[in-house]
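Next comes data-v8.cif, a file with mmCIF, C-alpha atoms.
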```cif
data_protein
#
loop_
_atom_site.label_atom_id
_atom_site.label_comp_id
_atom_site.auth_asym_id
_atom_site.auth_seq_id
_atom_site.Cartn_x
_atom_site.Cartn_y
_atom_site.Cartn_z
CA MET A 25 114.14 286.95 136.91
CA ASP A 26 112.49 286.38 140.27
CA PRO A 27 115.01 287.32 143.00
CA ARG A 28 113.06 285.43 145.67
CA LEU A 29 113.91 281.96 144.42
CA VAL A 30 117.66 282.25 145.01
CA THR A 31 117.02 283.39 148.57
CA ILE A 32 114.92 280.36 149.58
CA GLY A 33 117.86 277.96 149.26
CA ARG A 34 119.95 280.23 151.48
CA ARG A 35 117.24 280.42 154.14
CA LEU A 36 117.20 276.64 154.43
CA GLU A 37 120.89 275.86 154.05
CA ARG A 38 121.64 275.67 157.79
CA ILE A 39 118.89 273.16 158.48
CA GLY A 40 119.93 269.54 158.97
CA ARG A 41 116.77 267.71 157.88
CA ILE A 42 113.44 268.86 156.54
CA VAL A 43 110.38 266.68 157.05
CA ALA A 44 107.15 267.57 155.22
CA VAL A 45 104.13 266.04 156.93
CA THR A 46 101.55 265.45 154.25
CA GLY A 47 98.42 263.48 153.41
CA GLY A 48 95.82 263.41 150.72
CA LYS A 49 92.85 264.49 152.74
CA GLY A 50 91.84 267.11 155.25
CA GLY A 51 91.02 265.80 158.71
CA VAL A 52 93.55 262.96 158.86
CA GLY A 53 95.51 264.79 161.56
CA LYS A 54 98.52 266.13 159.66
CA SER A 55 98.70 269.22 161.83
CA LEU A 56 98.53 267.22 165.02
CA VAL A 57 101.24 264.83 163.81
CA ALA A 58 103.46 267.69 162.58
CA THR A 59 103.11 269.79 165.74
CA THR A 60 103.49 266.89 168.18
CA LEU A 61 106.45 265.53 166.24
CA ALA A 62 108.14 268.95 166.43
CA LEU A 63 107.48 269.16 170.19
CA CYS A 64 108.86 265.62 170.73
CA CYS A 65 112.03 266.42 168.77
CA ALA A 66 112.55 269.69 170.66
CA GLU A 67 112.05 267.79 173.93
CA ARG A 68 114.87 265.42 172.84
CA GLY A 69 117.18 268.41 172.48
CA LEU A 70 117.02 268.79 168.70
CA ARG A 71 116.92 272.40 167.52
CA THR A 72 113.54 272.21 165.85
CA GLY A 73 111.44 274.48 163.68
CA LEU A 74 107.81 274.13 162.64
CA LEU A 75 106.39 275.78 159.52
CA ASP A 76 102.64 275.79 159.02
CA LEU A 77 102.12 275.89 155.27
CA ASP A 78 98.39 275.52 155.51
CA LEU A 79 98.03 279.15 154.50
CA THR A 80 94.25 279.22 154.23
CA SER A 81 93.42 277.14 157.32
CA PRO A 82 96.38 277.39 159.69
CA CYS A 83 95.94 275.68 163.06
CA ASP A 84 99.36 274.61 164.37
CA HIS A 85 99.41 277.74 166.55
CA ILE A 86 96.38 276.43 168.45
CA LEU A 87 97.94 273.00 169.01
CA LEU A 88 101.28 274.51 169.96
CA GLY A 89 99.78 277.00 172.40
CA LEU A 90 100.97 280.21 170.73
CA ASP A 91 100.38 283.12 173.07
CA LYS A 92 101.54 286.58 172.12
CA GLN A 93 104.85 285.73 170.52
CA TYR A 94 105.61 287.41 167.19
CA PRO A 95 108.55 287.10 164.77
CA GLU A 96 111.44 289.42 165.38
CA GLU A 97 112.59 291.57 162.48
CA ARG A 98 116.27 291.02 161.82
CA PHE A 99 117.40 290.81 158.17
CA GLY A 100 114.02 289.19 157.51
CA LEU A 101 111.83 287.61 160.17
CA GLU A 102 113.11 285.31 162.91
CA PRO A 103 110.45 282.87 164.11
CA PRO A 104 109.83 283.07 167.86
CA GLU A 105 110.31 280.04 170.07
CA VAL A 106 107.01 278.57 171.25
CA ASN A 107 107.36 275.77 173.80
CA GLY A 108 110.87 275.03 172.56
CA VAL A 109 109.95 275.06 168.84
CA ARG A 110 110.80 277.89 166.43
CA PHE A 111 107.45 278.50 164.84
CA MET A 112 106.40 280.27 161.65
CA SER A 113 102.88 280.62 160.33
CA VAL A 114 100.84 283.01 158.21
CA VAL A 115 98.64 283.48 161.27
CA TYR A 116 101.04 286.11 162.66
CA PHE A 117 100.05 288.31 159.73
CA SER A 118 96.48 287.33 158.85
CA GLY A 119 95.24 286.87 162.42
CA PRO A 120 91.82 285.23 162.57
CA ARG A 121 90.67 286.61 159.21
CA PRO A 122 89.99 284.26 156.27
CA ALA A 123 92.59 284.55 153.53
CA PRO A 124 91.02 283.12 150.36
CA LEU A 125 93.93 282.29 148.04
CA ARG A 126 93.64 280.84 144.56
CA GLY A 127 96.41 278.72 143.07
CA GLU A 128 98.87 281.35 141.90
CA ASP A 129 98.27 283.51 144.97
CA PHE A 130 98.88 280.51 147.17
CA SER A 131 102.19 279.77 145.43
CA ASN A 132 103.28 283.40 145.73
CA ALA A 133 102.39 283.56 149.43
CA LEU A 134 104.32 280.36 150.04
CA VAL A 135 107.38 281.73 148.24
CA GLU A 136 107.19 284.97 150.26
CA LEU A 137 106.97 283.10 153.55
CA LEU A 138 109.96 280.92 152.66
CA THR A 139 111.91 283.99 151.51
CA ILE A 140 111.39 286.19 154.55
CA THR A 141 111.90 283.56 157.25
CA GLN A 142 115.34 283.45 158.84
CA TRP A 143 115.44 280.02 160.49
CA GLY A 144 119.12 280.17 161.40
CA GLU A 145 120.68 276.88 162.42
CA LEU A 146 118.29 273.99 163.01
CA ASP A 147 118.67 270.23 163.30
CA LEU A 148 115.19 269.69 161.97
CA LEU A 149 112.42 271.64 160.27
CA VAL A 150 108.95 270.07 160.29
CA ILE A 151 106.60 271.41 157.63
CA ASP A 152 102.87 270.99 158.03
CA MET A 153 101.65 270.71 154.45
CA PRO A 154 98.15 271.61 153.34
CA PRO A 155 96.03 268.66 152.16
CA GLY A 156 95.97 267.49 148.59
CA ILE A 157 98.24 267.24 145.61
CA SER A 158 97.83 270.65 144.07
CA ASP A 159 99.94 273.79 144.40
CA ALA A 160 101.45 273.26 147.85
CA ALA A 161 102.67 269.73 147.16
CA LEU A 162 104.12 270.71 143.79
CA ASP A 163 105.67 273.92 145.13
CA ALA A 164 107.27 272.16 148.10
CA ALA A 165 108.78 269.54 145.80
CA ARG A 166 110.05 272.27 143.46
CA LEU A 167 111.32 274.73 146.06
CA ILE A 168 112.48 272.32 148.80
CA PRO A 169 113.55 269.24 146.86
CA ARG A 170 115.32 267.69 149.84
CA ALA A 171 112.18 267.69 152.03
CA GLU A 172 111.43 264.13 153.13
CA HIS A 173 107.71 263.43 153.11
CA LEU A 174 106.00 261.76 156.02
CA VAL A 175 102.58 260.70 154.77
CA VAL A 176 99.69 260.59 157.25
CA ALA A 177 96.70 258.32 156.64
CA THR A 178 93.92 256.78 158.64
CA GLY A 179 92.44 253.31 158.24
CA SER A 180 89.34 254.68 156.51
CA ARG A 181 88.88 253.27 153.02
CA VAL A 182 88.08 256.76 151.72
CA VAL A 183 91.30 258.17 153.18
CA VAL A 184 93.45 255.28 151.96
CA GLU A 185 92.17 255.80 148.41
CA THR A 186 93.04 259.51 148.54
CA VAL A 187 96.41 259.01 150.21
CA ARG A 188 97.24 256.45 147.52
CA ARG A 189 97.08 259.25 144.93
CA THR A 190 99.29 261.49 147.08
CA LEU A 191 101.84 258.75 147.48
CA GLU A 192 101.86 257.99 143.77
CA LEU A 193 102.41 261.65 142.92
CA LEU A 194 105.28 261.98 145.42
CA LEU A 195 106.98 258.90 144.01
CA GLN A 196 106.35 260.03 140.42
CA ILE A 197 108.03 263.40 141.01
CA ARG A 198 110.87 261.61 142.83
CA THR A 199 110.33 263.26 146.18
CA PRO A 200 111.94 261.47 149.12
CA VAL A 201 109.29 259.61 151.16
CA LEU A 202 110.09 258.66 154.76
CA GLY A 203 107.06 256.42 155.00
CA VAL A 204 103.39 256.27 155.94
CA VAL A 205 102.05 256.65 159.46
CA GLU A 206 98.56 255.61 160.47
CA ASN A 207 96.83 258.20 162.61
CA MET A 208 93.74 257.81 164.81
CA SER A 209 94.33 254.09 164.82
CA ARG A 210 91.82 251.81 166.50
CA GLY A 211 94.06 248.81 166.31
CA ASP A 212 93.73 247.49 162.77
CA GLY A 213 96.49 248.94 160.65
CA THR A 214 96.26 246.40 157.85
CA ARG A 215 94.89 248.72 155.19
CA VAL A 216 97.53 251.46 155.72
CA ALA A 217 100.34 248.91 156.02
CA GLU A 218 99.23 247.37 152.72
CA LEU A 219 99.15 250.81 151.10
CA ALA A 220 102.76 251.44 152.15
CA ASP A 221 103.82 247.97 151.10
CA ASP A 222 102.17 248.29 147.66
CA HIS A 223 104.27 251.39 147.02
CA GLY A 224 107.53 250.10 148.44
CA VAL A 225 107.72 252.68 151.25
CA PRO A 226 108.03 251.95 154.98
CA TYR A 227 104.94 251.59 157.16
CA LEU A 228 105.99 253.61 160.18
CA GLY A 229 103.38 252.37 162.63
CA ALA A 230 100.24 253.63 164.26
CA VAL A 231 99.33 256.65 166.36
CA PRO A 232 96.38 255.60 168.53
CA PHE A 233 93.03 257.33 168.63
CA ASP A 234 93.12 259.21 171.93
CA PRO A 235 89.86 260.62 173.32
CA ALA A 236 91.85 262.71 175.84
CA LEU A 237 93.54 264.64 173.07
CA GLU A 238 91.04 267.46 172.73
CA GLU A 239 91.58 268.45 176.37
CA ALA A 240 95.34 268.71 175.77
CA THR A 241 95.01 270.97 172.74
CA GLY A 242 96.92 274.21 173.26
CA ASP A 243 98.80 272.93 176.30
CA ALA A 244 102.18 271.61 175.18
CA ARG A 245 102.88 269.91 178.51
CA ALA A 246 99.53 268.09 178.51
CA LEU A 247 100.01 267.17 174.84
CA ALA A 248 103.39 265.62 175.70
CA GLY A 249 101.61 263.29 178.13
CA THR A 250 99.12 261.90 175.61
CA GLU A 251 99.31 258.51 173.91
CA VAL A 252 99.65 260.38 170.63
CA ALA A 253 102.85 262.05 171.83
CA GLY A 254 104.11 258.71 173.16
CA ALA A 255 103.72 257.09 169.74
CA LEU A 256 105.28 260.04 167.89
CA ARG A 257 108.15 260.23 170.40
CA ARG A 258 109.04 256.61 169.61
CA LEU A 259 108.70 257.32 165.90
CA SER A 260 110.97 260.37 166.12
CA GLU A 261 113.62 258.42 168.06
CA ARG A 262 113.65 255.82 165.31
CA LEU A 263 113.59 258.18 162.35
CA LEU A 264 115.13 261.52 163.26
CA MET B 192 108.47 291.11 150.92
CA HIS B 193 110.95 292.26 153.44
CA GLU B 194 113.48 294.80 152.09
CA TRP B 195 116.47 292.83 153.40
CA ALA B 196 115.30 289.59 151.84
CA LEU B 197 114.64 291.43 148.61
CA ALA B 198 118.06 293.10 148.57
CA GLU B 199 119.80 289.80 149.22
CA GLY B 200 117.78 288.12 146.47
CA VAL B 201 118.45 290.89 143.94
CA ILE B 202 122.22 290.79 144.45
CA ALA B 203 122.43 286.99 144.39
CA THR B 204 120.21 286.75 141.30
CA ALA B 205 122.11 289.51 139.47
CA LEU B 206 125.44 287.79 140.16
CA GLU B 207 124.07 284.45 139.01
CA ALA B 208 122.55 285.90 135.84
CA GLY B 209 125.69 287.96 135.18
CA GLU B 210 127.77 284.81 135.40
CA LYS B 211 125.53 283.05 132.88
CA GLU B 212 125.88 286.04 130.53
CA GLY B 213 129.65 286.11 131.02
CA LEU B 214 129.64 289.66 132.49
CA THR B 215 132.79 290.71 134.33
CA THR B 216 131.27 294.05 135.38
CA ILE B 217 127.60 294.79 136.13
CA ARG B 218 127.01 298.46 135.42
CA LYS B 219 123.28 298.65 136.08
CA ILE B 220 120.54 296.51 137.61
CA SER B 221 116.98 297.60 136.73
CA ILE B 222 114.35 296.37 139.16
CA THR B 223 110.58 296.69 139.02
CA ILE B 224 108.60 296.40 142.23
CA GLY B 225 104.85 296.14 142.40
CA GLN B 226 103.17 298.82 144.52
CA LEU B 227 101.44 296.04 146.47
CA GLN B 228 104.81 295.01 147.90
CA ASN B 229 104.82 298.32 149.78
CA ILE B 230 108.60 298.49 149.67
CA LYS B 231 110.15 301.46 151.41
CA LYS B 232 112.64 302.75 148.88
CA GLU B 233 115.09 304.22 151.38
CA VAL B 234 115.07 301.04 153.53
CA PHE B 235 115.63 298.97 150.41
CA GLU B 236 118.53 301.18 149.32
CA SER B 237 120.27 300.88 152.70
CA ALA B 238 119.64 297.12 152.69
CA LEU B 239 121.20 296.91 149.23
CA ALA B 240 124.25 298.86 150.37
CA ALA B 241 124.60 296.55 153.37
CA VAL B 242 124.30 293.24 151.49
CA MET B 243 126.46 294.32 148.52
CA PRO B 244 129.65 292.28 148.96
CA ALA B 245 132.55 294.76 149.18
CA SER B 246 134.96 292.18 147.80
CA GLU B 247 132.88 291.54 144.65
CA PRO B 248 134.63 293.31 141.74
CA ARG B 249 131.68 292.77 139.37
CA LEU B 250 129.53 295.05 141.53
CA ALA B 251 131.96 297.94 141.97
CA GLY B 252 130.01 301.12 141.17
CA THR B 253 126.86 299.29 140.05
CA GLU B 254 123.87 301.58 139.56
CA ILE B 255 120.50 300.33 140.83
CA SER B 256 117.37 301.59 139.11
CA LEU B 257 114.08 301.05 140.91
CA GLU B 258 110.65 301.38 139.27
CA ILE B 259 107.39 301.05 141.18
CA GLU B 260 104.52 299.61 139.14
CA PRO B 261 101.09 300.86 140.31
CA VAL B 262 98.79 298.11 141.50
CA ARG B 263 95.50 297.31 139.77
CA PHE B 264 92.92 294.72 140.79
CA ARG B 265 90.02 293.03 138.95
CA CYS B 266 87.12 291.52 140.84
CA ARG B 267 86.35 288.02 139.57
CA PRO B 268 82.61 287.91 140.38
CA CYS B 269 81.63 291.41 139.10
CA GLY B 270 84.54 292.37 136.83
CA ASN B 271 85.10 295.73 138.53
CA GLU B 272 88.65 297.08 138.19
CA PHE B 273 90.06 299.10 141.06
CA SER B 274 93.24 300.41 142.62
CA LEU B 275 94.50 300.59 146.20
CA GLY B 276 93.01 304.05 146.70
CA ASP B 277 89.50 302.79 145.79
CA VAL B 278 89.35 300.26 148.62
CA ARG B 279 86.67 301.02 151.20
CA GLY B 280 87.87 301.75 154.73
CA PRO B 281 91.57 302.66 154.88
CA LEU B 282 93.91 299.80 155.77
CA ASP B 283 95.56 300.22 159.16
CA GLY B 284 99.30 300.09 159.80
CA ASP B 285 99.33 296.42 160.88
CA GLN B 286 97.37 295.37 157.81
CA LEU B 287 99.69 297.29 155.51
CA GLU B 288 102.69 295.70 157.23
CA SER B 289 101.18 292.22 156.75
CA ILE B 290 100.58 292.94 153.05
CA HIS B 291 104.12 294.28 152.79
CA LEU B 292 105.48 290.95 154.11
CA ILE B 293 103.05 288.68 152.22
CA PRO B 294 101.21 290.69 149.52
CA GLU B 295 98.63 287.93 148.94
CA LEU B 296 97.21 288.78 152.36
CA ALA B 297 95.51 291.65 150.55
CA HIS B 298 92.77 289.02 150.13
CA ALA B 299 92.36 288.93 153.91
CA PHE B 300 92.11 292.68 154.40
CA MET B 301 90.60 294.06 151.20
CA SER B 302 87.54 293.47 149.08
CA CYS B 303 86.04 294.80 145.85
CA PRO B 304 84.67 298.32 146.45
CA HIS B 305 81.69 297.46 144.23
CA CYS B 306 80.48 294.02 145.45
CA ASP B 307 82.65 293.45 148.57
CA SER B 308 84.09 290.14 147.32
CA PRO B 309 87.64 289.21 148.40
CA ASP B 310 87.93 287.12 145.21
CA PHE B 311 89.92 289.54 143.06
CA GLU B 312 93.01 289.17 140.93
CA VAL B 313 96.03 291.42 140.90
CA ILE B 314 96.31 292.32 137.24
CA ARG B 315 99.50 294.34 137.73
CA GLY B 316 101.65 295.82 140.46
CA ARG B 317 102.48 292.62 142.30
CA GLY B 318 105.90 291.04 142.66
CA VAL B 319 109.51 291.98 142.26
CA TRP B 320 111.63 291.22 139.27
CA ILE B 321 114.90 292.19 137.64
CA GLU B 322 113.99 293.79 134.31
CA SER B 323 117.50 293.94 132.94
CA LEU B 324 121.20 293.82 133.66
CA GLU B 325 123.70 295.99 131.86
CA GLY B 326 127.40 295.33 131.82
CA GLU B 327 130.28 293.94 129.88
#
```

Final C-alpha cells representation of the file:
Amino acid sequence: MDPRLVTIGRRLERIGRIVAVTGGKGGVGKSLVATTLALCCAERGLRTGLLDLDLTSPCDHILLGLDKQYPEERFGLEPPEVNGVRFMSVVYFSGPRPAPLRGEDFSNALVELLTITQWGELDLLVIDMPPGISDAALDAARLIPRAEHLVVATGSRVVVETVRRTLELLLQIRTPVLGVVENMSRGDGTRVAELADDHGVPYLGAVPFDPALEEATGDARALAGTEVAGALRRLSERLL
Amino acid sequence: MHEWALAEGVIATALEAGEKEGLTTIRKISITIGQLQNIKKEVFESALAAVMPASEPRLAGTEISLEIEPVRFRCRPCGNEFSLGDVRGPLDGDQLESIHLIPELAHAFMSCPHCDSPDFEVIRGRGVWIESLEGE
C-alpha cells in the first residue's frame, strides 16, 4: 500500500479548477502559455497556483521571475507567492543541476511533489505539463482525473501531426479537454482549427507571435503588457 | 518525502485499508521506509502523534512499527552496485534535504562511484509502504 496516493487527493481538494497545459511537442510554448495564463488569472483576482511538472527541464521560474523565494515548511511545503501566483517547481530543490529521470523515477518524483505540496485554498491551479504522451500525461490523468487539458499547438504541420496524437490519447483515456489554442500564430490558424474540429473539441483562438516577448521574459509586469498576455487574458476571461 | 505528508498518508491509508478488511480496531501498522527517503524517525513519530485523530476509536492504542530498508543502487552503463556511503564527495545538507523531499533528485546530486554516470537505478531502499495491518 502506497500511503502517498491517498494524500494527493487531499492536497488538491480545496482547489476550484485545475487546468493542465499540454502539447505533443517541445518548443510549442506550453510553459509560456501556462505561466502567462496563471499571471493573467492572478491579475483578475483569482487565487492562482502554478505547478511546473516539467521535472527534467523546468523553466516557468524564469518566465515568472522567481527571485529568492522558497517554499515554507508547514505540514508539508507551502509554495511561495511569486508575482501574485503560488508557485511550485522542482527547481527549488534541484537548482540548476540536470536531473536525468527515467520513466519510473519521473512518476515517483511527480507523486512526491504532489504529496508534499500544501496548496491551501485556490480558485485555479495551472499545471505546466512536460511534452509528450508518456509518463507525465498518463500520471496526470491517473492522479488528477479532474484536470482539464488545454492543448497548445502551433500552425506547423509537424506540430499539428504530433498534437493530433496527444489529443487522441487524451480523448481515449476520457480526460476532460478544454480545447486547443494556437500559439506563435502568424495569422493563419486554419490547420489548428481543423485539428480541433476533427476531434470535436473547441478551437480556443490564437496567441500571436510576438518578437518583443524575449525582452519581457522574467519581468512579470513587462510580460503582462505583451500581445501574448493580451490574447491569454481574453482567453482566461472566457474560459476561467 | 516530508514526515508530515507521510504521517498523514499512513493514517489515511491504514484507515481505508482497515475499512476494506472490516477491522474495527487496528492494533499494529508496520511501515517500511527506504533509507533514501532520509526520514527522521523522531520527527515522523511526532507527526504521527499529531495527525492521529483523537476521536477515531479504531486507532486507540495502535502500535506503529517502523523499518528502514538500506538503499542500494546499480549503475546502468557499468553495472556497478553501490550504497550511499560509497558515493564520492559527501552530499551537503541542502542536497540531502532535497533528496529527503524528492528522493529521485539523487540523480541530480549523485553519480556512480566507478564511472561517474548519473544513470543508476535504485534497486532497494526507495519509497514508503505499509507492509501489514494487524487488528480485528

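Once stretch 119-132 of chain A and its same-chain neighbours fewer than 6 positions away are set aside, A:Thr80, B:Glu295, B:His298, B:Ala299 remain within 6 Å of it when counting only C-alpha atoms.
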
note - atom CA of A:Asp212 and atom CA of A:Arg181 are separated by 12.3 Å

If you apply the PyMOL selection byres ((chain B and resi 194-211) around 7) to this file, what residues do you get, as an NGL selection string? (:A and (27-28 or 30-31 or 99-100 or 139-140)) or (:B and (192-193 or 212-214 or 230 or 234-235 or 238-239 or 242-243))

How many Å lie between atom CA of A:Gly144 and atom CA of A:Gly108, rounded to one decimal?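 Between these atoms lies a distance of 14.8 Å.
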
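Put simply, the PyMOL selection byres ((chain B and resi 226) around 8) on this file hits B:Ile224, B:Gly225, B:Leu227, B:Gln228, B:Asn229, B:Ile230, B:Ile259, B:Glu260, B:Pro261, B:Val262, B:Gly316, B:Arg317.
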
Nearest to chain A by atom-to-atom distance, counting only C-alpha atoms, from B:Ile217, B:Ala241, B:Leu275, B:Leu257: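 When distances to chain A are compared using only C-alpha atoms, the smallest one comes from B:Ala241.
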
Could you tell me which of A:Phe117, A:Tyr227, A:Phe233, A:Trp143 comes closest to chain B if we count all atoms listed in the file? A:Phe117
